[in-house]
Each structure stands twice: as structure tokens, then as C-alpha cells.
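Trainee: Input structure: protein25.csv, which contains CSV, C-alpha atoms.
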```csv
chain,number,residue,atom,x,y,z
G,1,MET,CA,43.9,10.6,19.8
G,2,ARG,CA,42.2,8.7,22.7
G,3,PHE,CA,42.1,11.9,24.7
G,4,LEU,CA,40.3,13.7,21.8
G,5,LEU,CA,37.9,10.8,21.4
G,6,ALA,CA,37.1,11.0,25.1
G,7,LEU,CA,36.4,14.7,24.8
G,8,LEU,CA,34.1,14.2,21.9
G,9,LEU,CA,32.2,11.4,23.7
G,10,ALA,CA,31.9,13.5,26.8
G,11,GLY,CA,30.7,16.4,24.8
G,12,ALA,CA,28.0,14.3,23.2
G,13,THR,CA,26.9,13.0,26.6
G,14,GLY,CA,26.8,16.5,28.0
G,15,LEU,CA,24.6,17.7,25.1
G,16,ALA,CA,22.2,14.9,25.9
G,17,GLN,CA,22.1,15.7,29.6
G,18,ALA,CA,21.6,19.4,28.8
G,19,ALA,CA,18.5,18.8,26.8
G,20,SER,CA,15.2,20.3,28.0
G,21,LEU,CA,11.6,19.3,27.3
G,22,SER,CA,8.8,21.9,27.5
G,23,ILE,CA,5.4,20.5,28.8
G,24,ASP,CA,2.4,22.7,28.9
G,25,THR,CA,-0.7,21.0,30.4
G,26,GLY,CA,-2.8,24.2,30.1
G,27,HIS,CA,-1.3,26.2,33.0
G,28,GLY,CA,1.9,27.5,31.4
G,29,ALA,CA,5.0,25.7,30.1
G,30,ASN,CA,7.2,23.8,32.5
G,31,ALA,CA,10.8,22.8,31.4
G,32,LEU,CA,12.1,19.4,32.4
G,33,THR,CA,15.8,18.6,31.8
G,34,THR,CA,17.2,15.2,30.9
G,35,GLN,CA,18.8,14.9,34.3
G,36,GLN,CA,15.5,15.7,36.1
G,37,LEU,CA,13.7,13.0,34.2
G,38,LEU,CA,16.4,10.4,34.7
G,39,VAL,CA,16.4,10.7,38.5
G,40,ARG,CA,12.6,10.4,38.9
G,41,ALA,CA,11.5,7.5,41.0
G,42,ASP,CA,9.4,6.1,38.2
G,43,ALA,CA,12.2,6.1,35.6
G,44,ARG,CA,13.2,2.7,34.4
G,45,THR,CA,14.9,0.8,31.6
G,46,ILE,CA,12.4,-0.6,29.1
G,47,GLU,CA,12.8,-2.9,26.1
G,48,VAL,CA,10.8,-1.9,23.0
G,49,PRO,CA,10.3,-4.7,20.5
G,50,GLY,CA,9.9,-3.6,16.9
G,51,ASP,CA,10.8,0.0,17.5
G,52,VAL,CA,9.1,2.1,14.8
G,53,SER,CA,12.1,4.4,14.1
G,54,TYR,CA,14.9,1.9,14.5
G,55,HIS,CA,13.1,-1.2,13.2
G,56,ARG,CA,14.5,-3.5,15.8
G,57,THR,CA,14.3,-4.1,19.6
G,58,MET,CA,15.7,-1.1,21.5
G,59,ARG,CA,16.4,-0.5,25.2
G,60,TYR,CA,15.8,3.0,26.7
G,61,LYS,CA,15.8,4.8,30.0
G,62,ALA,CA,12.2,6.1,30.1
G,63,VAL,CA,9.5,7.6,32.2
G,64,PRO,CA,5.8,6.8,32.0
G,65,LEU,CA,4.4,9.7,30.0
G,66,LYS,CA,1.1,9.9,31.8
G,67,ALA,CA,3.0,10.6,35.0
G,68,LEU,CA,4.1,13.9,33.4
G,69,LEU,CA,0.5,14.9,32.4
G,70,GLY,CA,-1.0,15.6,35.8
G,71,GLY,CA,-4.3,17.4,35.5
G,72,VAL,CA,-4.8,16.7,31.8
G,73,ALA,CA,-8.3,15.5,31.1
G,74,ALA,CA,-8.9,12.3,29.1
G,75,ASP,CA,-10.8,14.3,26.4
G,76,ALA,CA,-7.9,16.7,25.9
G,77,HIS,CA,-5.7,16.8,22.9
G,78,LEU,CA,-1.9,16.8,22.9
G,79,GLN,CA,0.5,18.1,20.3
G,80,PHE,CA,4.1,16.9,20.2
G,81,THR,CA,6.4,19.3,18.4
G,82,ALA,CA,9.8,18.1,17.2
G,83,LEU,CA,13.0,20.0,16.9
G,84,ASP,CA,12.5,20.3,13.1
G,85,GLY,CA,8.9,21.6,13.5
G,86,PHE,CA,7.1,18.3,12.8
G,87,ALA,CA,3.9,18.1,14.9
G,88,ALA,CA,2.2,14.9,16.0
G,89,GLU,CA,-1.4,15.1,17.3
G,90,ILE,CA,-2.4,12.5,19.9
G,91,PRO,CA,-5.6,12.3,22.0
G,92,ALA,CA,-4.7,12.4,25.7
G,93,ALA,CA,-7.0,9.4,26.3
G,94,LEU,CA,-4.7,7.2,24.3
G,95,ILE,CA,-1.8,8.0,26.7
G,96,LEU,CA,-3.8,8.1,29.9
G,97,ASP,CA,-5.6,4.8,29.2
G,98,GLY,CA,-4.5,3.1,26.1
G,99,HIS,CA,-6.4,-0.1,26.9
G,100,GLY,CA,-3.1,-1.9,27.4
G,101,ALA,CA,-0.9,0.2,25.2
G,102,GLU,CA,1.7,2.0,27.4
G,103,ALA,CA,3.2,5.4,26.4
G,104,TRP,CA,6.8,6.0,27.6
G,105,LEU,CA,9.0,9.0,27.2
G,106,ALA,CA,12.5,7.7,26.3
G,107,VAL,CA,15.2,10.0,27.5
G,108,GLU,CA,18.6,10.0,25.7
G,109,ASP,CA,21.2,9.7,28.4
G,110,THR,CA,23.9,8.3,26.1
G,111,ALA,CA,24.1,8.5,22.3
G,112,TRP,CA,21.5,6.4,20.5
G,113,PRO,CA,22.0,5.2,16.9
G,114,ALA,CA,21.7,7.7,14.1
G,115,LEU,CA,18.4,7.8,12.2
G,116,GLY,CA,19.8,8.9,8.9
G,117,ASP,CA,18.5,11.9,6.8
G,118,GLY,CA,20.8,14.1,8.8
G,119,LYS,CA,19.2,13.2,12.1
G,120,PRO,CA,21.8,12.0,14.6
G,121,SER,CA,19.2,10.0,16.7
G,122,ALA,CA,15.6,9.9,17.9
G,123,GLY,CA,16.7,11.9,21.0
G,124,PRO,CA,16.8,13.9,23.1
G,125,PHE,CA,13.2,12.8,23.9
G,126,TYR,CA,11.2,10.1,22.0
G,127,LEU,CA,7.7,8.8,22.6
G,128,VAL,CA,7.8,5.0,22.5
G,129,TRP,CA,5.1,2.4,23.2
G,130,LEU,CA,4.8,-1.0,24.8
G,131,HIS,CA,2.0,-3.1,23.5
G,132,PRO,CA,1.0,-0.5,20.9
G,133,GLU,CA,-1.4,-2.9,19.1
G,134,ALA,CA,-3.7,-2.9,22.2
G,135,GLY,CA,-4.4,0.8,21.5
G,136,LYS,CA,-4.1,0.7,17.7
G,137,VAL,CA,-1.2,3.1,18.0
G,138,GLY,CA,0.0,4.1,14.5
G,139,PRO,CA,3.6,4.7,13.4
G,140,GLU,CA,3.0,8.4,13.2
G,141,GLN,CA,2.2,8.4,17.0
G,142,TRP,CA,5.9,7.7,17.8
G,143,PRO,CA,7.2,11.3,17.5
G,144,TYR,CA,10.9,11.6,18.1
G,145,GLN,CA,13.3,14.5,18.7
G,146,ILE,CA,10.5,16.0,20.8
G,147,ALA,CA,11.0,19.6,21.9
G,148,SER,CA,7.6,20.3,23.5
G,149,VAL,CA,4.3,18.8,24.5
G,150,ARG,CA,1.2,21.0,24.9
G,151,VAL,CA,-2.5,20.7,25.4
G,152,LEU,CA,-4.5,22.2,22.5
G,153,ALA,CA,-8.1,22.2,21.3
G,154,ASP,CA,-8.8,19.1,19.2
G,155,PRO,CA,-8.4,19.5,15.4
G,156,ALA,CA,-12.2,19.7,14.8
G,157,ALA,CA,-12.3,22.9,16.9
G,158,ARG,CA,-9.0,24.4,15.6
G,159,PHE,CA,-9.6,23.6,11.9
G,160,PRO,CA,-13.3,24.0,11.1
G,161,LEU,CA,-12.9,23.4,7.4
G,162,MET,CA,-12.0,19.8,8.1
G,163,ARG,CA,-15.3,19.2,9.7
G,164,PRO,CA,-18.0,17.2,7.9
G,165,ALA,CA,-21.4,18.7,7.3
G,166,ALA,CA,-23.5,19.3,10.4
G,167,GLY,CA,-26.2,16.9,11.4
G,168,LEU,CA,-24.5,13.6,10.6
G,169,ALA,CA,-24.8,10.9,13.2
G,170,LYS,CA,-21.8,10.5,15.4
G,171,ASP,CA,-21.5,6.8,14.4
G,172,SER,CA,-22.0,7.4,10.7
G,173,PRO,CA,-19.2,6.2,8.4
G,174,VAL,CA,-18.2,9.8,7.6
G,175,MET,CA,-17.9,10.8,11.2
G,176,ARG,CA,-16.0,7.6,12.1
G,177,GLY,CA,-13.8,8.4,9.1
G,178,PHE,CA,-13.1,11.9,10.4
G,179,GLU,CA,-11.9,10.3,13.6
G,180,VAL,CA,-9.6,8.0,11.6
G,181,PHE,CA,-8.3,11.1,9.8
G,182,GLN,CA,-7.6,12.9,13.0
G,183,ARG,CA,-5.9,9.9,14.5
G,184,ASN,CA,-3.7,8.8,11.6
G,185,CYS,CA,-3.5,11.3,8.8
G,186,ILE,CA,-3.4,14.8,10.3
G,187,THR,CA,0.2,14.4,11.4
G,188,CYS,CA,1.4,14.6,7.8
G,189,HIS,CA,-1.5,16.0,5.8
G,190,THR,CA,-3.7,19.1,5.7
G,191,LEU,CA,-7.2,19.1,4.5
G,192,ASN,CA,-8.9,22.1,2.8
G,193,GLY,CA,-5.7,24.0,3.5
G,194,GLN,CA,-6.0,23.7,7.3
G,195,GLY,CA,-3.7,21.9,9.7
G,196,ASP,CA,-0.2,22.1,11.1
G,197,ALA,CA,1.3,19.4,8.9
G,198,LYS,CA,4.0,20.2,6.4
G,199,LEU,CA,5.1,16.7,5.1
G,200,GLY,CA,2.3,15.4,2.8
G,201,PRO,CA,0.0,16.9,0.3
G,202,ASP,CA,-3.4,18.3,1.1
G,203,LEU,CA,-6.1,15.6,0.9
G,204,ASN,CA,-8.9,17.7,-0.6
G,205,ILE,CA,-7.5,20.6,-2.6
G,206,PRO,CA,-7.1,20.8,-5.5
G,207,HIS,CA,-8.3,17.1,-5.5
G,208,SER,CA,-9.2,14.4,-3.1
G,209,PRO,CA,-7.4,11.1,-3.7
G,210,THR,CA,-10.9,9.6,-4.0
G,211,GLU,CA,-11.3,11.7,-7.2
G,212,TYR,CA,-8.3,10.3,-9.0
G,213,LEU,CA,-7.7,6.8,-7.5
G,214,ARG,CA,-9.8,4.0,-8.9
G,215,ASP,CA,-11.8,1.8,-6.5
G,216,GLY,CA,-9.6,-0.2,-4.2
G,217,MET,CA,-6.4,1.8,-4.8
G,218,LEU,CA,-6.7,4.1,-1.7
G,219,ARG,CA,-6.5,0.9,0.4
G,220,VAL,CA,-3.4,-0.1,-1.5
G,221,LEU,CA,-1.8,3.3,-0.9
G,222,VAL,CA,-2.6,3.3,2.9
G,223,ARG,CA,-1.5,-0.3,3.4
G,224,ASN,CA,1.8,0.1,1.6
G,225,PRO,CA,2.5,3.3,-0.3
G,226,GLN,CA,5.4,1.6,-2.2
G,227,ASP,CA,2.9,-0.8,-3.8
G,228,LEU,CA,1.2,2.1,-5.6
G,229,ARG,CA,4.1,4.4,-6.3
G,230,HIS,CA,7.7,3.2,-5.9
G,231,TRP,CA,9.8,6.1,-4.7
G,232,PRO,CA,12.9,5.4,-2.7
G,233,GLN,CA,12.7,8.7,-0.8
G,234,ALA,CA,9.0,8.3,0.2
G,235,LYS,CA,8.2,9.2,3.8
G,236,MET,CA,4.7,7.8,4.2
G,237,PRO,CA,4.6,4.7,6.4
G,238,GLY,CA,2.3,1.8,5.7
G,239,PHE,CA,-0.6,1.1,8.0
G,240,ASN,CA,-1.3,-2.6,8.6
G,241,SER,CA,-4.6,-4.1,9.9
G,242,THR,CA,-3.6,-3.9,13.6
G,243,VAL,CA,-3.4,-0.1,13.3
G,244,LEU,CA,-6.2,0.5,10.7
G,245,SER,CA,-8.8,-2.1,10.2
G,246,ASP,CA,-10.6,-2.6,6.9
G,247,ARG,CA,-13.6,-0.9,8.4
G,248,ASP,CA,-11.4,2.1,9.4
G,249,LEU,CA,-10.2,2.3,5.8
G,250,ASP,CA,-13.8,2.2,4.5
G,251,ASP,CA,-14.7,5.0,7.0
G,252,LEU,CA,-11.7,7.1,5.9
G,253,GLU,CA,-12.7,6.7,2.3
G,254,ALA,CA,-16.3,7.7,3.2
G,255,TYR,CA,-15.0,10.9,4.9
G,256,LEU,CA,-12.7,11.8,2.0
G,257,LYS,CA,-15.5,11.3,-0.5
G,258,HIS,CA,-17.8,13.5,1.6
G,259,MET,CA,-15.2,16.2,2.0
G,260,ALA,CA,-14.6,16.2,-1.8
G,261,GLY,CA,-18.0,17.9,-2.0
G,262,ARG,CA,-17.0,20.4,0.7
G,263,LYS,CA,-13.8,22.0,-0.8
G,264,ALA,CA,-12.5,25.3,0.6
G,265,LYS,CA,-13.1,28.2,-1.7
```
Would you write out, as C-alpha cells, the structure that this file holds?
Mentor:
Amino acid sequence: MRFLLALLLAGATGLAQAASLSIDTGHGANALTTQQLLVRADARTIEVPGDVSYHRTMRYKAVPLKALLGGVAADAHLQFTALDGFAAEIPAALILDGHGAEAWLAVEDTAWPALGDGKPSAGPFYLVWLHPEAGKVGPEQWPYQIASVRVLADPAARFPLMRPAAGLAKDSPVMRGFEVFQRNCITCHTLNGQGDAKLGPDLNIPHSPTEYLRDGMLRVLVRNPQDLRHWPQAKMPGFNSTVLSDRDLDDLEAYLKHMAGRKAK
């Protein structure tokens, strides 16, 4: 029995070490294996308080993510695709200079705890953050089970039906709300049928939430979805004021109300 257990554990470790991450910074994909990452000179053990996925302090072997993004411009846009097809959209600027927030690629060298929902762990590669509050990093910006990272055009260029009407001032509430949507909502939601998300409902067709929620309830939904609809299997995380300020929520509502008048036909 002990021999069998040893074989199983060795097999699990071997699987972790055999994992490969694809990174495409715009010049073709480059595959990095677990072992290649772990032996880097900048790899270290980090402690992550309040880990978003495990809800407790976790320790990881990790590499600073910006060190893997050589040549990526600050205004570039990154898409992190998970093994199950989930895609997280993160501006490169947040990783290259998070104003104190530090992005680390955690590398699963030994078995991490199971996540549940049929997922054995957050590995083989997991984007974790130190001091996330400094960069207003949201829970959806902690993608796990990462299979690939690639530079793409920003959502406004890829998905023109999400864009507000032309001519609005960049600092208008609607345009600021569009930025909030791209930063915090696009990971799970489409709008006007456009986007890569597959988890949440479209936020404009057939109806915008601003068309069926009474005043103040959108804020309740975003702050803690379970306060609006109690559903044990709900996936949407809550966004506290360190991630989304009250002004951010006002701007997001302005954007959604604006887009309610710009439905895709």
C-alpha cells in the first residue's frame, strides 16, 4: 500500500513538473515548462495573504510575471486563458506597474489544495498578487489553471459593439464606466453579444440590468450578489470598495444605461 501511495504521489508531482505554459508577446508563442520556471534566478517562495481562490494565506513558488513579458508595451492588453477555456482580460500596465501591486506567476511544483467543482487545484500556473489593493486588482484578475498568456488588441478594438457613442469626452462618466466594464466585467460577461466570456449573461441584450433593477440595486448586486439573489451555486464574486469605488459603480451604471440605448440589432 505504501509503495502504491508513493507511486501515486510521484505521478502527481511528475504531472505538475511536466506542465507547460504558452506565452505569446506578439512575436510567436514560447512554451515554458514548470521546471524551466522553477530554476529561474528570480523564482522565490512568496506568501499570499487572503488568496482569492483559497480564501486563506498561501505559500507558493513563483516568478515575477513582468519578467516573462519582455518587450510588451504598457498599453498592451493581455488575455490569460485557462485549461477550461475561461479567459481573463488584464491590461499589461497593471502587471508592468501596478503602483505597488505585484503580479506573480505561481508555479505548482507539488500538489496544491483542491478547489472543488471538479478542479484539483489552481495549478499548474496561477496568477497571484501581493498588495492587490494598491492596484485595485479585482478577484477576476486572479486567473488560475492558466494554459496560455497572449497579447491581444484591447476589447474596444476587438469588440466594436461594446463601444459607447463616438464623441464622448474621455473623462465622461460613460467612458470611465466603459473602462470599469473592461477591467472588471468582461471576464464573465458579454455585451451586445460580443466578447470571449462564457460564464455570465450578456449585459445588454435582451435587457440591460439597468432596465429591470430599481435604483440602487445594481450596487447591491455588484457589492455582494448573494444579497440580491441567494443562489448557493452562484459564481459571481462580490466587489468591495477597495476594488470598485462608489464612483466606479456610478460610472459603470452610466455606461450600462448609455449602452441600453445602443443595443445590437
Trainee: Which residues are close to stretch 194-198 of chain G, i.e. within 8 Å by all atoms listed in the file, leaving aside same-chain residues fewer than 6 positions away? Reply as a ChimeraX atom specification.
Mentor: /G:86-87,155,159,161-162,186-188
Trainee: Given the choices G:Val222, G:Cys185, G:Leu127, G:Ala260, which gets closest to G:Thr210 if the distance is worked out from all atoms listed in the file?
Mentor: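 Closest candidate: G:Ala260.
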Trainee: Hey, can you check how far atom CA of G:Leu21 sits from atom CA of G:Thr33?
Mentor: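 Those two atoms sit 6.2 Å apart.
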Trainee: Nearest to G:Asp75: which of G:Val128, G:Ala92, G:Ile23, G:Leu213 is it, counting all atoms listed in the file?
Mentor: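 Once distances to G:Asp75 are computed over all atoms listed in the file, the minimum belongs to G:Ala92.
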Trainee: Restricting the calculation to all atoms listed in the file, which member of G:Leu96, G:Ala29, G:Ala82, G:Leu168 is positioned closest to G:Gly123?
Mentor: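 Under the stated criterion, the closest residue is G:Ala82.
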Trainee: Find the distance between atom CA of G:Val48 and atom CA of G:Ala103 and write it in Å to one decimal.
Mentor: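 Taking atom CA of G:Val48 and atom CA of G:Ala103, their separation equals 11.1 Å.
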Trainee: One decimal, in Å: what's the spacing between atom CA of G:Leu83 and atom CA of G:Gln145?
Mentor: 5.8 Å
Trainee: Which of these residues is nearest to G:Lys265, using all atoms listed in the file: G:Trp112, G:Val220, G:Gly193, G:Gln36?
Mentor: G:Gly193
Trainee: With all atoms listed in the file as the counted atoms, please give the residues lying no more than 10 Å from G:Ala74, apart from itself and same-chain residues fewer than 6 positions off, as a ChimeraX atom specification.
Mentor: /G:91-97
Trainee: Residues of the last selection are to be written out with C-alpha atoms, as a PDB file, in the coordinates of the input.
Mentor:
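Saved the output as part25.pdb:
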```
ATOM      1  CA  PRO G  91      -5.600  12.300  22.000  1.00  0.00           C
ATOM      2  CA  ALA G  92      -4.700  12.400  25.700  1.00  0.00           C
ATOM      3  CA  ALA G  93      -7.000   9.400  26.300  1.00  0.00           C
ATOM      4  CA  LEU G  94      -4.700   7.200  24.300  1.00  0.00           C
ATOM      5  CA  ILE G  95      -1.800   8.000  26.700  1.00  0.00           C
ATOM      6  CA  LEU G  96      -3.800   8.100  29.900  1.00  0.00           C
ATOM      7  CA  ASP G  97      -5.600   4.800  29.200  1.00  0.00           C
TER       8      ASP G  97
END
```
Trainee: Please identify all polymer residues within 9 Å of G:Leu244, counting only C-alpha atoms, omitting same-chain residues fewer than 3 positions from it, and present them as an MDAnalysis selection string.
Mentor: chainID G and resid 136 138 180 184 223 239:241 247:249
Trainee: Just want the 9 Å neighbourhood of G:Arg219, counted on only C-alpha atoms, with same-chain residues fewer than 5 positions away dropped. Output as a PyMOL selection string.
Mentor: chain G and resi 224+246+249-250+253
Trainee: Using all atoms listed in the file, which protein or nucleic acid residues come within 8 Å of stretch 147-151 of chain G? Drop anything in the same chain fewer than 6 positions from it, and give the result as a list in words.
Mentor: Ser20, Leu21, Ser22, Ile23, Asp24, Thr25, Gly26, Ala29, Val72, Ala76, His77, Leu78, Gln79, Phe80, Thr81, Ala82, Leu83 and Phe125 of chain G
